[in-house]
Amino acid sequence: MHTVAALPALPRLQTVAAERQRTPEYHHEGRFRQRETHFLFKYTLSGEGVFRDRQGEHRVPAGSGFLCEIRDPATAYYYPENGRDPWEFVYLCFAGGFSDSVVRNL
């Protein structure tokens with residue numbers, strides 16, 4: 001078996017996971033995550049979440065997702081206060097390489 005060292009120009013995948021959230025206590029604000037340096041892609045499988053950026057609040061229903069820099073003070077994501085169904089989603093966290101250029105250009 002041959003293991004190749006990380007390639008510095010490529011983003012490193014840190015986390016791939018799935019979650020189910022069902023209460024408004026699930027609320028993450030970029031302004032409180034300034035020490036974290038990764039990026040996040042979150043995709044809704046069922047239910048609905050909310051993503052906020054400089055343009056305002058955006059619903060994130062099943063079949064849609066968002067991409068953000070986790071420490072961007074303008075961003076937040078959360079389970080809606082008036083939510084009825086659980087928000088089920090998958091997410092990827094990645095960092096390094098040209099991650100910042102890719103996310104900011106998108």
# chains A, B, ... in the order shown; residues from 1 in each chain; ligands from 1
>>> residues_around(residues="region 61-71 of chain A", least_positions_apart="3", cutoff="6 Å", atoms="only C-alpha atoms", output="list in words")
Gly30, Arg33, Gln34, Phe39, Leu40, Phe41, Lys42, Tyr43, Thr44, Leu45, Ser46 and Glu48 of chain A
>>> write_last_selection(atoms="N, CA, C and O atoms", output="tab-separated table (two decimals), in the first residue's frame")
chain	number	residue	atom	x	y	z
A	30	GLY	N	-21.73	32.82	11.99
A	30	GLY	CA	-20.34	32.98	11.60
A	30	GLY	C	-19.56	33.93	12.49
A	30	GLY	O	-18.37	33.71	12.75
A	33	ARG	N	-17.68	32.24	15.20
A	33	ARG	CA	-16.82	31.11	14.82
A	33	ARG	C	-15.53	31.61	14.18
A	33	ARG	O	-14.99	30.98	13.27
A	34	GLN	N	-15.00	32.70	14.67
A	34	GLN	CA	-13.84	33.36	14.06
A	34	GLN	C	-12.55	32.55	14.13
A	34	GLN	O	-11.67	32.76	13.31
A	39	PHE	N	-14.57	25.57	5.43
A	39	PHE	CA	-15.71	25.92	4.58
A	39	PHE	C	-16.75	24.82	4.71
A	39	PHE	O	-16.42	23.69	5.06
A	40	LEU	N	-17.99	25.16	4.42
A	40	LEU	CA	-19.10	24.24	4.65
A	40	LEU	C	-20.01	24.20	3.43
A	40	LEU	O	-20.39	25.24	2.89
A	41	PHE	N	-20.37	22.98	3.01
A	41	PHE	CA	-21.44	22.78	2.04
A	41	PHE	C	-22.49	21.94	2.74
A	41	PHE	O	-22.18	20.87	3.27
A	42	LYS	N	-23.73	22.44	2.79
A	42	LYS	CA	-24.83	21.73	3.46
A	42	LYS	C	-25.96	21.56	2.45
A	42	LYS	O	-26.35	22.51	1.79
A	43	TYR	N	-26.49	20.33	2.35
A	43	TYR	CA	-27.53	19.98	1.39
A	43	TYR	C	-28.71	19.36	2.13
A	43	TYR	O	-28.55	18.40	2.88
A	44	THR	N	-29.90	19.93	1.92
A	44	THR	CA	-31.11	19.47	2.62
A	44	THR	C	-31.71	18.25	1.93
A	44	THR	O	-31.98	18.27	0.73
A	45	LEU	N	-31.94	17.20	2.72
A	45	LEU	CA	-32.60	15.99	2.23
A	45	LEU	C	-34.12	16.06	2.44
A	45	LEU	O	-34.89	15.65	1.58
A	46	SER	N	-34.54	16.57	3.61
A	46	SER	CA	-35.96	16.74	3.88
A	46	SER	C	-36.12	17.83	4.94
A	46	SER	O	-35.17	18.20	5.62
A	48	GLU	N	-36.64	21.65	6.22
A	48	GLU	CA	-36.17	22.94	5.74
A	48	GLU	C	-35.34	23.64	6.80
A	48	GLU	O	-35.64	23.57	7.99
>>> residues_around(residues="His27 (chain A)", least_positions_apart="6", cutoff="10 Å", atoms="only C-alpha atoms", output="ChimeraX atom specification")
/A:49-50,76-80
>>> residues_around(residues="Pro8 (chain A)", least_positions_apart="4", cutoff="10 Å", atoms="only C-alpha atoms", output="MDAnalysis selection string")
chainID A and resid 12 96:98
>>> closest_residue(among="A:Thr15, A:Gly83, A:Val4, A:Glu36", to="Arg59 (chain A)", atoms="only C-alpha atoms")
A:Gly83
>>> select_by_dssp(residues="chain A", states="strand (DSSP E)", output="MDAnalysis selection string")
chainID A and resid 12:21 27:29 39:46 48:53 56:61 65:69 76:78 87:95
>>> closest_residue(among="A:Glu25, A:Ser99, A:Trp87, A:Leu13", to="Val60 (chain A)", atoms="only C-alpha atoms")
A:Trp87
>>> select_by_dssp(residues="chain A", states="helix (DSSP H, G or I)", output="ChimeraX atom specification")
/A:30-32,99-105
>>> closest_residue(among="A:Pro11, A:Pro24, A:Pro73, A:Gly56", to="Phe94 (chain A)", atoms="only C-alpha atoms")
A:Pro11
>>> closest_residue(among="A:Ser101, A:Thr23, A:Thr75, A:Asn82", to="Phe51 (chain A)", atoms="only C-alpha atoms")
A:Thr75
>>> closest_residue(among="A:Gly47, A:Ala95, A:Val103, A:Leu7", to="Arg22 (chain A)", atoms="only C-alpha atoms")
A:Gly47
>>> atom_distance(atom1="CA of Gln14 (chain A)", atom2="CA of Pro86 (chain A)")
25.1 Å
>>> closest_residue(among="A:Phe32, A:Thr3, A:Glu19, A:Arg54", to="Ala74 (chain A)", atoms="only C-alpha atoms")
A:Arg54
>>> atom_distance(atom1="CA of Ala9 (chain A)", atom2="CA of Tyr91 (chain A)")
22.1 Å
